[in-house]
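Printed here is model26.txt (compact mmCIF, C-alpha atoms and all ligand atoms):
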# COMPACT_ATOMS: atom_id res chain seq x y z
CA MET A 1 -124.40 23.75 -15.14
CA ARG A 2 -125.77 26.83 -16.93
CA PHE A 3 -128.75 25.48 -18.82
CA LEU A 4 -130.15 27.08 -21.95
CA VAL A 5 -133.35 25.64 -23.38
CA GLN A 6 -133.55 26.09 -27.15
CA LYS A 7 -136.87 25.28 -28.80
CA PHE A 8 -137.12 24.98 -32.57
CA GLY A 9 -140.59 25.23 -34.12
CA GLY A 10 -141.91 23.29 -37.08
CA THR A 11 -140.73 25.67 -39.78
CA SER A 12 -137.28 25.89 -38.17
CA VAL A 13 -136.61 22.18 -38.67
CA ALA A 14 -138.40 21.71 -41.99
CA THR A 15 -135.37 21.33 -44.30
CA PRO A 16 -131.81 19.98 -43.96
CA GLU A 17 -130.39 23.53 -44.33
CA LEU A 18 -132.59 24.86 -41.55
CA ARG A 19 -131.80 21.94 -39.27
CA GLU A 20 -128.13 22.68 -39.80
CA ARG A 21 -128.74 26.31 -38.87
CA ALA A 22 -130.55 25.16 -35.76
CA ALA A 23 -127.70 22.81 -34.89
CA LEU A 24 -125.21 25.67 -35.32
CA ARG A 25 -127.18 27.70 -32.78
CA VAL A 26 -126.94 24.79 -30.38
CA ALA A 27 -123.20 24.55 -31.00
CA ALA A 28 -122.82 28.29 -30.43
CA ALA A 29 -124.62 28.03 -27.10
CA ARG A 30 -122.26 25.28 -26.09
CA LYS A 31 -119.26 27.41 -27.02
CA GLU A 32 -120.64 30.18 -24.81
CA GLY A 33 -120.45 27.79 -21.89
CA TYR A 34 -124.09 26.77 -21.75
CA THR A 35 -125.47 23.28 -21.42
CA PRO A 36 -128.04 23.42 -24.21
CA VAL A 37 -131.25 21.40 -23.97
CA VAL A 38 -132.97 21.28 -27.34
CA VAL A 39 -136.75 20.95 -27.76
CA VAL A 40 -138.06 20.17 -31.23
CA SER A 41 -141.46 20.34 -32.89
CA ALA A 42 -142.53 18.06 -35.72
CA MET A 43 -140.98 18.91 -39.07
CA GLY A 44 -142.85 21.38 -41.28
CA ARG A 45 -146.51 22.21 -41.54
CA LYS A 46 -149.61 20.57 -43.01
CA GLY A 47 -148.89 18.65 -46.18
CA GLU A 48 -145.28 17.93 -45.41
CA PRO A 49 -144.60 14.22 -44.89
CA TYR A 50 -143.89 14.07 -41.15
CA ALA A 51 -145.89 17.07 -39.97
CA THR A 52 -148.47 16.28 -37.28
CA ASP A 53 -151.43 17.35 -39.42
CA THR A 54 -150.23 15.03 -42.16
CA LEU A 55 -150.15 12.08 -39.76
CA ILE A 56 -153.66 12.93 -38.56
CA ASN A 57 -155.06 13.18 -42.09
CA PHE A 58 -153.47 9.87 -42.95
CA VAL A 59 -155.28 8.00 -40.16
CA ARG A 60 -158.53 9.87 -40.75
CA GLN A 61 -158.68 8.24 -44.16
CA VAL A 62 -159.25 4.99 -42.25
CA SER A 63 -161.75 6.37 -39.78
CA ARG A 64 -162.73 9.73 -38.36
CA ASP A 65 -163.47 8.14 -35.01
CA ILE A 66 -160.08 7.53 -33.49
CA PRO A 67 -159.89 7.25 -29.69
CA ALA A 68 -158.10 10.20 -28.06
CA ARG A 69 -155.57 7.83 -26.52
CA GLU A 70 -154.50 6.45 -29.89
CA MET A 71 -154.50 9.95 -31.41
CA ASP A 72 -151.95 10.89 -28.78
CA LEU A 73 -149.78 7.92 -29.63
CA LEU A 74 -149.93 8.95 -33.28
CA MET A 75 -149.37 12.65 -32.68
CA SER A 76 -146.35 12.01 -30.48
CA CYS A 77 -144.55 10.45 -33.48
CA GLY A 78 -143.91 13.69 -35.38
CA GLU A 79 -141.69 15.13 -32.65
CA ILE A 80 -139.88 11.83 -32.15
CA ILE A 81 -139.01 11.63 -35.85
CA SER A 82 -137.90 15.25 -35.78
CA GLY A 83 -135.80 14.60 -32.65
CA VAL A 84 -133.99 11.67 -34.24
CA VAL A 85 -133.20 13.82 -37.27
CA MET A 86 -131.88 16.57 -34.97
CA VAL A 87 -129.67 14.08 -33.12
CA ALA A 88 -128.36 12.82 -36.46
CA THR A 89 -127.63 16.40 -37.57
CA LEU A 90 -125.75 17.20 -34.34
CA GLU A 91 -123.80 13.94 -34.42
CA LYS A 92 -122.79 14.57 -38.03
CA MET A 93 -121.39 17.93 -36.94
CA GLY A 94 -119.38 16.19 -34.22
CA TYR A 95 -121.61 16.83 -31.22
CA PRO A 96 -122.63 13.75 -29.25
CA ALA A 97 -126.39 13.96 -28.73
CA VAL A 98 -129.25 11.90 -27.37
CA LEU A 99 -133.01 12.05 -27.91
CA LEU A 100 -135.49 11.71 -25.08
CA THR A 101 -139.22 11.39 -25.66
CA GLY A 102 -141.40 13.56 -23.44
CA ALA A 103 -141.92 10.56 -21.18
CA GLN A 104 -138.19 9.82 -20.98
CA ALA A 105 -137.47 13.46 -20.23
CA GLY A 106 -139.84 13.21 -17.25
CA ILE A 107 -142.60 15.46 -18.57
CA ILE A 108 -145.42 14.25 -16.30
CA THR A 109 -148.93 15.39 -17.27
CA ASP A 110 -152.51 14.88 -16.20
CA GLY A 111 -154.48 12.25 -18.12
CA ASN A 112 -156.39 14.66 -20.35
CA HIS A 113 -155.59 13.23 -23.80
CA ASN A 114 -154.93 15.73 -26.63
CA GLU A 115 -154.90 18.72 -24.22
CA ALA A 116 -152.86 17.47 -21.29
CA ARG A 117 -151.31 19.82 -18.75
CA ILE A 118 -147.84 19.35 -17.39
CA VAL A 119 -148.05 18.73 -13.64
CA ARG A 120 -144.36 18.26 -12.90
CA VAL A 121 -141.00 17.42 -14.45
CA LYS A 122 -138.64 14.66 -13.36
CA PRO A 123 -135.40 15.63 -15.08
CA GLU A 124 -133.08 12.97 -13.59
CA LYS A 125 -132.49 11.06 -16.81
CA LEU A 126 -131.94 14.29 -18.72
CA LEU A 127 -129.44 15.44 -16.11
CA THR A 128 -127.51 12.17 -16.32
CA HIS A 129 -127.04 12.57 -20.07
CA ALA A 130 -126.18 16.26 -19.74
CA ARG A 131 -123.53 15.47 -17.13
CA GLU A 132 -121.99 13.00 -19.57
CA GLY A 133 -121.54 15.92 -21.95
CA LYS A 134 -124.26 14.95 -24.38
CA ILE A 135 -126.57 17.43 -26.00
CA VAL A 136 -130.02 16.37 -24.89
CA VAL A 137 -132.76 16.72 -27.50
CA VAL A 138 -136.31 16.43 -26.17
CA ALA A 139 -139.36 15.67 -28.29
CA GLY A 140 -141.73 18.58 -27.65
CA PHE A 141 -145.52 18.59 -27.30
CA GLN A 142 -145.76 15.31 -25.40
CA GLY A 143 -145.61 13.78 -21.96
CA ILE A 144 -146.74 10.82 -19.92
CA SER A 145 -149.52 10.59 -17.37
CA GLU A 146 -148.99 9.24 -13.86
CA ASP A 147 -150.42 5.91 -14.98
CA GLY A 148 -148.09 5.59 -17.93
CA GLU A 149 -150.22 6.83 -20.83
CA ILE A 150 -148.65 8.92 -23.58
CA THR A 151 -150.30 12.34 -23.80
CA THR A 152 -149.97 15.45 -25.96
CA LEU A 153 -150.19 19.05 -24.85
CA GLY A 154 -152.37 20.70 -27.51
CA ARG A 155 -151.44 23.40 -30.02
CA GLY A 156 -148.24 25.24 -29.17
CA GLY A 157 -147.34 22.34 -26.88
CA SER A 158 -143.62 22.38 -27.70
CA ASP A 159 -143.42 25.91 -26.28
CA THR A 160 -144.90 24.51 -23.09
CA THR A 161 -142.38 21.66 -23.00
CA ALA A 162 -139.54 24.17 -23.34
CA ALA A 163 -140.98 26.39 -20.61
CA ALA A 164 -141.46 23.50 -18.18
CA LEU A 165 -137.91 22.27 -18.77
CA GLY A 166 -136.61 25.81 -18.33
CA VAL A 167 -138.23 25.98 -14.90
CA ALA A 168 -137.19 22.44 -13.89
CA LEU A 169 -133.56 23.09 -14.86
CA ASN A 170 -133.55 26.68 -13.64
CA ALA A 171 -132.32 27.65 -17.10
CA GLU A 172 -130.72 30.99 -17.75
CA TYR A 173 -133.06 31.53 -20.70
CA VAL A 174 -135.73 29.70 -22.64
CA ASP A 175 -135.18 30.54 -26.30
CA ILE A 176 -138.08 30.04 -28.69
CA TYR A 177 -136.69 29.88 -32.24
CA THR A 178 -139.24 30.47 -34.99
CA ASP A 179 -139.67 31.87 -38.50
CA VAL A 180 -140.05 35.54 -37.53
CA GLU A 181 -137.62 37.96 -35.88
CA GLY A 182 -139.36 38.00 -32.54
CA ILE A 183 -142.66 39.16 -31.17
CA MET A 184 -143.83 41.71 -33.67
CA THR A 185 -146.10 44.71 -33.34
CA ALA A 186 -148.61 42.83 -35.55
CA ASP A 187 -148.84 39.57 -37.45
CA PRO A 188 -146.22 40.04 -40.18
CA ARG A 189 -148.42 38.11 -42.60
CA ILE A 190 -150.84 41.04 -42.46
CA VAL A 191 -148.64 44.03 -41.68
CA THR A 192 -145.49 43.92 -43.77
CA ASP A 193 -143.82 46.73 -41.85
CA ALA A 194 -144.51 45.26 -38.41
CA VAL A 195 -141.40 45.49 -36.25
CA ALA A 196 -139.95 43.14 -33.68
CA LEU A 197 -140.34 44.33 -30.11
CA GLU A 198 -137.07 44.53 -28.21
CA MET A 199 -138.68 43.71 -24.90
CA VAL A 200 -142.12 42.83 -23.60
CA THR A 201 -143.39 41.83 -20.18
CA TYR A 202 -144.84 38.41 -19.40
CA ASP A 203 -148.24 40.05 -19.01
CA GLU A 204 -148.06 41.80 -22.35
CA ILE A 205 -147.15 38.67 -24.28
CA CYS A 206 -149.86 36.66 -22.49
CA GLN A 207 -152.36 39.29 -23.52
CA LEU A 208 -151.09 39.41 -27.11
CA ALA A 209 -151.16 35.62 -27.34
CA HIS A 210 -154.68 35.34 -25.92
CA GLU A 211 -155.85 37.91 -28.47
CA GLY A 212 -154.51 35.93 -31.40
CA ALA A 213 -150.74 36.55 -31.68
CA LYS A 214 -149.93 32.87 -31.44
CA VAL A 215 -146.18 33.24 -31.73
CA VAL A 216 -145.67 31.80 -28.23
CA HIS A 217 -148.25 29.74 -26.42
CA PRO A 218 -149.68 31.66 -23.44
CA ARG A 219 -149.39 28.58 -21.22
CA ALA A 220 -145.63 28.55 -21.80
CA VAL A 221 -145.42 32.14 -20.65
CA GLU A 222 -147.49 31.39 -17.57
CA ILE A 223 -145.03 28.63 -16.68
CA VAL A 224 -141.79 30.60 -17.08
CA MET A 225 -143.16 33.62 -15.25
CA GLN A 226 -143.71 31.56 -12.10
CA LYS A 227 -139.95 31.29 -11.72
CA ASN A 228 -139.02 34.49 -13.52
CA ILE A 229 -137.09 32.63 -16.19
CA PRO A 230 -136.53 35.06 -19.07
CA LEU A 231 -137.79 33.93 -22.44
CA ARG A 232 -136.44 35.06 -25.79
CA VAL A 233 -138.26 34.76 -29.10
CA ARG A 234 -135.78 34.71 -31.95
CA SER A 235 -135.44 33.83 -35.60
CA THR A 236 -133.73 30.63 -36.71
CA PHE A 237 -133.11 32.34 -40.05
CA SER A 238 -131.39 35.55 -38.97
CA ASP A 239 -129.10 36.91 -36.28
CA ALA A 240 -131.54 39.58 -35.14
CA PRO A 241 -131.56 39.88 -31.33
CA GLY A 242 -135.22 38.90 -31.04
CA THR A 243 -137.58 39.79 -28.23
CA LEU A 244 -136.80 39.46 -24.55
CA VAL A 245 -139.80 38.57 -22.41
CA THR A 246 -139.31 39.28 -18.75
CA ASN A 247 -140.83 40.78 -15.67
CA SER A 248 -142.53 44.15 -15.71
CA GLY A 249 -140.54 47.10 -14.48
CA GLU A 250 -137.44 45.00 -14.10
CA VAL A 251 -134.14 46.18 -15.43
CA TYR A 252 -132.86 42.96 -16.80
CA LYS A 253 -129.11 42.49 -17.10
CA GLY A 254 -128.40 45.93 -18.41
CA THR A 255 -131.45 46.23 -20.64
CA ILE A 256 -133.59 49.20 -19.80
CA ASP A 257 -137.29 48.65 -19.47
CA ILE A 258 -138.76 50.36 -22.49
CA THR A 259 -142.19 48.88 -22.07
CA ARG A 260 -143.42 51.83 -20.05
CA ASP A 261 -143.01 54.32 -22.85
CA ARG A 262 -145.57 52.96 -25.23
CA THR A 263 -149.31 53.20 -25.19
CA ILE A 264 -149.98 50.28 -27.52
CA THR A 265 -147.65 47.29 -27.76
CA GLY A 266 -149.28 45.44 -30.61
CA ILE A 267 -152.30 44.87 -32.80
CA THR A 268 -153.84 41.41 -32.95
CA GLN A 269 -156.69 39.70 -34.70
CA ILE A 270 -158.90 36.67 -34.28
CA PRO A 271 -160.83 35.78 -37.43
CA ASN A 272 -163.89 33.53 -37.49
CA VAL A 273 -166.20 34.81 -34.82
CA VAL A 274 -169.99 35.03 -35.01
CA GLN A 275 -172.12 37.76 -33.47
CA PHE A 276 -175.50 37.03 -31.87
CA LYS A 277 -178.14 39.62 -31.01
CA VAL A 278 -180.91 38.24 -28.87
CA ALA A 279 -184.12 40.13 -28.11
CA THR A 280 -185.19 39.43 -24.53
CA GLY A 281 -187.99 41.89 -23.84
CA ASP A 282 -187.67 44.37 -20.99
CA GLY A 283 -188.78 44.71 -17.40
CA PRO A 284 -188.53 41.90 -14.86
CA ASP A 285 -189.46 39.32 -17.48
CA GLY A 286 -186.64 40.54 -19.72
CA LEU A 287 -184.15 40.08 -16.89
CA GLU A 288 -185.42 36.58 -16.28
CA GLN A 289 -185.06 35.81 -20.01
CA GLN A 290 -181.49 37.07 -19.95
CA ARG A 291 -180.71 34.90 -16.97
CA ARG A 292 -182.17 31.85 -18.75
CA LEU A 293 -180.19 32.61 -21.90
CA PHE A 294 -176.82 32.94 -20.18
CA LYS A 295 -177.47 29.89 -18.03
CA ALA A 296 -178.36 27.69 -21.00
CA LEU A 297 -175.23 28.74 -22.88
CA ALA A 298 -173.05 28.22 -19.81
CA LEU A 299 -174.48 24.76 -19.21
CA ALA A 300 -173.66 23.88 -22.82
CA GLY A 301 -170.05 24.93 -22.13
CA ILE A 302 -170.09 27.71 -24.74
CA SER A 303 -167.82 30.59 -23.90
CA LEU A 304 -169.01 34.03 -24.87
CA ASP A 305 -167.10 37.13 -25.72
CA PHE A 306 -167.93 40.78 -26.33
CA ILE A 307 -170.92 40.55 -24.05
CA ASN A 308 -173.09 43.69 -23.97
CA VAL A 309 -176.33 43.60 -22.01
CA TYR A 310 -179.07 46.15 -22.77
CA PRO A 311 -182.55 46.50 -21.30
CA HIS A 312 -184.16 44.81 -24.33
CA GLN A 313 -181.44 42.67 -25.75
CA VAL A 314 -178.16 40.88 -25.30
CA VAL A 315 -175.31 41.01 -27.80
CA PHE A 316 -172.28 38.72 -27.76
CA THR A 317 -169.93 36.71 -29.95
CA VAL A 318 -168.77 33.09 -30.01
CA LYS A 319 -166.03 31.32 -31.96
CA GLU A 320 -167.25 30.11 -35.34
CA ASP A 321 -166.68 26.42 -34.56
CA VAL A 322 -169.23 26.48 -31.74
CA SER A 323 -171.69 28.90 -33.35
CA GLU A 324 -174.04 26.19 -34.64
CA LYS A 325 -174.20 24.61 -31.23
CA ALA A 326 -174.84 28.02 -29.67
CA ALA A 327 -177.67 28.72 -32.13
CA GLN A 328 -179.17 25.33 -31.35
CA VAL A 329 -179.04 25.92 -27.60
CA MET A 330 -180.76 29.30 -28.02
CA GLU A 331 -183.46 27.85 -30.25
CA ASN A 332 -184.11 25.03 -27.77
CA THR A 333 -184.45 27.59 -25.00
CA GLY A 334 -187.02 29.53 -27.01
CA PHE A 335 -184.87 32.39 -28.34
CA ASN A 336 -184.65 33.59 -31.89
CA PRO A 337 -181.27 35.28 -32.25
CA GLU A 338 -180.18 37.53 -35.07
CA ILE A 339 -176.97 35.90 -36.32
CA ARG A 340 -174.11 37.68 -38.05
CA PRO A 341 -171.47 35.22 -39.25
CA GLY A 342 -168.12 36.20 -40.73
CA CYS A 343 -166.89 38.62 -38.08
CA ALA A 344 -163.38 39.19 -36.73
CA LYS A 345 -162.06 40.56 -33.50
CA VAL A 346 -159.27 43.12 -33.75
CA ALA A 347 -157.49 44.30 -30.62
CA ALA A 348 -155.03 47.00 -29.64
CA VAL A 349 -153.05 45.69 -26.69
CA GLY A 350 -150.82 47.66 -24.37
CA ALA A 351 -150.28 47.92 -20.64
CA GLY A 352 -149.34 51.55 -21.28
CA MET A 353 -152.85 52.56 -22.33
CA THR A 354 -154.12 52.44 -18.76
CA GLY A 355 -155.22 55.94 -17.87
CA VAL A 356 -154.26 57.39 -21.25
CA PRO A 357 -157.25 59.32 -22.58
CA GLY A 358 -158.35 59.28 -26.18
CA VAL A 359 -157.29 55.79 -27.24
CA MET A 360 -160.83 54.79 -28.14
CA ALA A 361 -161.34 58.07 -30.00
CA ALA A 362 -158.22 57.38 -32.03
CA ILE A 363 -159.44 53.89 -32.86
CA VAL A 364 -162.84 55.12 -34.01
CA GLU A 365 -161.15 57.82 -36.08
CA ALA A 366 -158.85 55.28 -37.74
CA MET A 367 -161.78 52.98 -38.55
CA THR A 368 -163.89 55.86 -39.90
CA LYS A 369 -161.08 57.01 -42.14
CA GLU A 370 -160.99 53.53 -43.66
CA ASN A 371 -164.78 53.24 -43.85
CA ILE A 372 -164.75 50.21 -41.60
CA PRO A 373 -167.95 49.78 -39.60
CA ILE A 374 -167.38 48.88 -35.94
CA LEU A 375 -169.97 46.24 -35.07
CA GLN A 376 -169.18 46.22 -31.37
CA SER A 377 -166.44 47.35 -29.05
CA ASN A 378 -165.15 46.59 -25.61
CA ASP A 379 -162.24 47.60 -23.43
CA SER A 380 -160.21 46.70 -20.36
CA TYR A 381 -157.22 48.33 -18.68
CA THR A 382 -154.83 46.94 -21.24
CA THR A 383 -156.85 46.12 -24.34
CA ILE A 384 -159.41 47.69 -26.65
CA TRP A 385 -161.31 45.38 -28.96
CA VAL A 386 -163.40 46.12 -31.99
CA LEU A 387 -165.55 43.66 -33.85
CA VAL A 388 -165.47 44.11 -37.61
CA ARG A 389 -166.56 42.17 -40.67
CA ARG A 390 -164.09 39.45 -41.60
CA GLU A 391 -163.47 41.14 -44.95
CA ASP A 392 -162.41 44.31 -43.13
CA MET A 393 -160.09 42.53 -40.68
CA GLU A 394 -156.77 42.96 -42.49
CA ARG A 395 -157.49 46.61 -43.30
CA ALA A 396 -158.49 47.25 -39.70
CA VAL A 397 -155.27 45.71 -38.38
CA ARG A 398 -153.19 47.78 -40.81
CA ALA A 399 -155.07 50.97 -39.99
CA LEU A 400 -154.56 50.55 -36.24
CA HIS A 401 -150.92 49.63 -36.75
CA ARG A 402 -150.40 52.79 -38.78
CA ARG A 403 -152.26 54.90 -36.24
CA PHE A 404 -150.56 53.61 -33.09
CA ILE A 405 -147.26 52.08 -34.07
CA ASN A 406 -145.93 53.48 -37.28
CA GLY A 407 -147.09 56.96 -36.39
CA GLY A 408 -149.90 57.76 -38.85
P1 LIG B 501 -143.45 27.70 -34.79
O1 LIG B 501 -143.71 26.65 -35.79
O2 LIG B 501 -142.04 28.15 -34.79
O3 LIG B 501 -143.96 27.35 -33.41
P2 LIG B 501 -145.74 29.49 -35.03
O4 LIG B 501 -146.49 29.38 -36.31
O5 LIG B 501 -146.32 28.83 -33.83
O6 LIG B 501 -144.24 28.98 -35.29
O7 LIG B 501 -145.49 31.02 -34.67
C1 LIG B 501 -144.84 31.89 -35.57
C2 LIG B 501 -145.86 32.64 -36.45
O8 LIG B 501 -146.70 33.44 -35.62
C3 LIG B 501 -145.23 33.59 -37.41
O9 LIG B 501 -144.90 32.95 -38.61
C4 LIG B 501 -146.31 34.67 -37.59
O10 LIG B 501 -146.97 34.55 -38.82
C5 LIG B 501 -147.30 34.43 -36.48
N1 LIG B 501 -147.61 35.62 -35.72
C6 LIG B 501 -148.85 36.11 -35.46
N2 LIG B 501 -148.80 37.22 -34.76
C7 LIG B 501 -147.50 37.50 -34.53
C8 LIG B 501 -146.81 38.54 -33.84
N3 LIG B 501 -147.45 39.55 -33.23
N4 LIG B 501 -145.46 38.49 -33.81
C9 LIG B 501 -144.79 37.47 -34.41
N5 LIG B 501 -145.39 36.47 -35.09
C10 LIG B 501 -146.74 36.47 -35.15
MG MG B 502 -145.73 27.63 -32.27
Kindly present the structure from the file in structure tokens form.
Amino acid sequence: MRFLVQKFGGTSVATPELRERAALRVAAARKEGYTPVVVVSAMGRKGEPYATDTLINFVRQVSRDIPAREMDLLMSCGEIISGVVMVATLEKMGYPAVLLTGAQAGIITDGNHNEARIVRVKPEKLLTHAREGKIVVVAGFQGISEDGEITTLGRGGSDTTAAALGVALNAEYVDIYTDVEGIMTADPRIVTDAVALEMVTYDEICQLAHEGAKVVHPRAVEIVMQKNIPLRVRSTFSDAPGTLVTNSGEVYKGTIDITRDRTITGITQIPNVVQFKVATGDGPDGLEQQRRLFKALALAGISLDFINVYPHQVVFTVKEDVSEKAAQVMENTGFNPEIRPGCAKVAAVGAGMTGVPGVMAAIVEAMTKENIPILQSNDSYTTIWVLVRREDMERAVRALHRRFINGG
């Protein structure tokens, strides 16, 4: 059997019209000779009746202290409801279909409730139904632990379900259907003229996703790349070809690798970061203070970013949701940091920038032209980051997109 995994995100199954569109894509795959395996997310986003956030808010009205195990039982419902609706839609169109929960589909995870990791897949039941000619629909985002507990996979978990099934079934493709035309050169909510990338490498999309382009979950990419299963990100709403994600340097089925020609693949942003500047004194005592500071933060499990160490001080950022804890830890250790809340991290990502001179100069020039102060910067082989004020974030993303992608 030639398997094709088709994953439909929350916005792609939000209304009856969209679900019909999704079902038509499944039917089309079948006509092309594939055995489609459909993975669904919960229907719609926050506020809509069966969206996961809505279920969570509902129970939180009773208590804010719900055990992680019960949260998982609750959160697994959204995808099950969505799956039943998808089966009903397919059946109505004349396609026999069957829904499997994550557990029934053999998605075996560790026992880490709310953030479980898939450890293996036992697809026997799925294969039985597929052999009978049924379209198998799988509830995304959920699994079962070795000792029989229902778990969920964290944000973007349905992407991970699709990826794991793709590997287990040795699928020809894993198709991620969403509300945009593929992986774009920037978040289309910020850059209206962002364009869909025809092709990106696994590494590039991992990098983009880690830097804030949450269109596909990085864990899903890590899974498919182990077995070289190509992934496509496509729109449920249009017939655009979408983005092919595959191995670097590979000429995939007639497509030419165009990823080598570009310096910058995309611009990303992460809002809500907080900058800390900590005076540590200099000399041997200063070094000892710096050691104490980093150790205390590490012991508290706080991950730091944008770390710059100077003789007299240390500068770094943390995510806003842990900034209070970080400040507390520093105070308890005897430090008095200068805190700058309301920052954002903007990144230019591209494997092609390695060894290309002048990228940083171009970034500084673009920021200067827009009067955007750069609070900090950092770079690696494939990424250059700048820290800006939150209120400058959108303008910074647009400026870099103009400079590097739309030829400014
Ligand atoms: P789904 O519900 O289908 O899983 P997501 O919200 O997880 O959808 O991902 C799609 C969204 O990701 C888009 O609506 C878009 O706003 C956002 N996004 C952010 N950065 C990018 C990017 N570089 N390319 C495409 N989409 C992006
Ligand atoms: Mg998603």
Enumerate as a ChimeraX atom specification the residues within 8 Å of ligand LIG 501 (chain B), counting only C-alpha atoms and all ligand atoms. /A:8-12,41,44-45,156,158-159,176-189,196,208-209,212-217,266-268
Selection file, C-alpha atoms, as a JSON list (two decimals), in the coordinates of the input:
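Once everything was written out, this is selection-v8.json:
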[["chain", "number", "residue", "atom", "x", "y", "z"],
["A", 8, "PHE", "CA", -137.12, 24.98, -32.57],
["A", 9, "GLY", "CA", -140.59, 25.23, -34.12],
["A", 10, "GLY", "CA", -141.91, 23.29, -37.08],
["A", 11, "THR", "CA", -140.73, 25.67, -39.78],
["A", 12, "SER", "CA", -137.28, 25.89, -38.17],
["A", 41, "SER", "CA", -141.46, 20.34, -32.89],
["A", 44, "GLY", "CA", -142.85, 21.38, -41.28],
["A", 45, "ARG", "CA", -146.51, 22.21, -41.54],
["A", 156, "GLY", "CA", -148.24, 25.24, -29.17],
["A", 158, "SER", "CA", -143.62, 22.38, -27.70],
["A", 159, "ASP", "CA", -143.42, 25.91, -26.28],
["A", 176, "ILE", "CA", -138.08, 30.04, -28.69],
["A", 177, "TYR", "CA", -136.69, 29.88, -32.24],
["A", 178, "THR", "CA", -139.24, 30.47, -34.99],
["A", 179, "ASP", "CA", -139.67, 31.87, -38.50],
["A", 180, "VAL", "CA", -140.05, 35.54, -37.53],
["A", 181, "GLU", "CA", -137.62, 37.96, -35.88],
["A", 182, "GLY", "CA", -139.36, 38.00, -32.54],
["A", 183, "ILE", "CA", -142.66, 39.16, -31.17],
["A", 184, "MET", "CA", -143.83, 41.71, -33.67],
["A", 185, "THR", "CA", -146.10, 44.71, -33.34],
["A", 186, "ALA", "CA", -148.61, 42.83, -35.55],
["A", 187, "ASP", "CA", -148.84, 39.57, -37.45],
["A", 188, "PRO", "CA", -146.22, 40.04, -40.18],
["A", 189, "ARG", "CA", -148.42, 38.11, -42.60],
["A", 196, "ALA", "CA", -139.95, 43.14, -33.68],
["A", 208, "LEU", "CA", -151.09, 39.41, -27.11],
["A", 209, "ALA", "CA", -151.16, 35.62, -27.34],
["A", 212, "GLY", "CA", -154.51, 35.93, -31.40],
["A", 213, "ALA", "CA", -150.74, 36.55, -31.68],
["A", 214, "LYS", "CA", -149.93, 32.87, -31.44],
["A", 215, "VAL", "CA", -146.18, 33.24, -31.73],
["A", 216, "VAL", "CA", -145.67, 31.80, -28.23],
["A", 217, "HIS", "CA", -148.25, 29.74, -26.42],
["A", 266, "GLY", "CA", -149.28, 45.44, -30.61],
["A", 267, "ILE", "CA", -152.30, 44.87, -32.80],
["A", 268, "THR", "CA", -153.84, 41.41, -32.95]]
Which distance in Å separates CA of Ser82 (chain A) and CA of Tyr50 (chain A), to one decimal?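 Between these atoms lies a distance of 8.1 Å.
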Give me the residues near region 366-371 of chain A as JSON, numbers by chain, where near means some atom within 9 Å (using all atoms listed in the file) and where sequence neighbours in that chain fewer than 4 positions away do not count. {"A": [361, 362, 395, 396, 399, 400, 402, 403]}
Please list as a VMD selection string every residue within 7 Å of region 32-38 of chain A, counting all atoms listed in the file and excluding residues in the same chain fewer than 3 positions away. chain A and resid 1 to 7 26 28 to 29 135 to 138
Once you have the residues from the selection above, write them out as a short mmCIF file (atom, residue, chain, number, x, y, z; two decimals), in the coordinates of the input, restricted to C-alpha atoms.
data_model
loop_
_atom_site.label_atom_id
_atom_site.label_comp_id
_atom_site.auth_asym_id
_atom_site.auth_seq_id
_atom_site.Cartn_x
_atom_site.Cartn_y
_atom_site.Cartn_z
CA MET A 1 -124.40 23.75 -15.14
CA ARG A 2 -125.77 26.83 -16.93
CA PHE A 3 -128.75 25.48 -18.82
CA LEU A 4 -130.15 27.08 -21.95
CA VAL A 5 -133.35 25.64 -23.38
CA GLN A 6 -133.55 26.09 -27.15
CA LYS A 7 -136.87 25.28 -28.80
CA VAL A 26 -126.94 24.79 -30.38
CA ALA A 28 -122.82 28.29 -30.43
CA ALA A 29 -124.62 28.03 -27.10
CA ILE A 135 -126.57 17.43 -26.00
CA VAL A 136 -130.02 16.37 -24.89
CA VAL A 137 -132.76 16.72 -27.50
CA VAL A 138 -136.31 16.43 -26.17
#
For Ala22 (chain A), the nearest of the candidates A:Val85, A:Val174, A:Val200, A:Val322, counting only C-alpha atoms: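 Selected residue with least distance to Ala22 (chain A): A:Val85.
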Would you please work out which residue, of A:Ser145, A:Thr161, A:Thr265, A:Thr192, is nearest to ligand MG 502 (chain B) when using all atoms listed in the file?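 Checking each candidate against ligand MG 502 (chain B), we get A:Thr161 as the closest.
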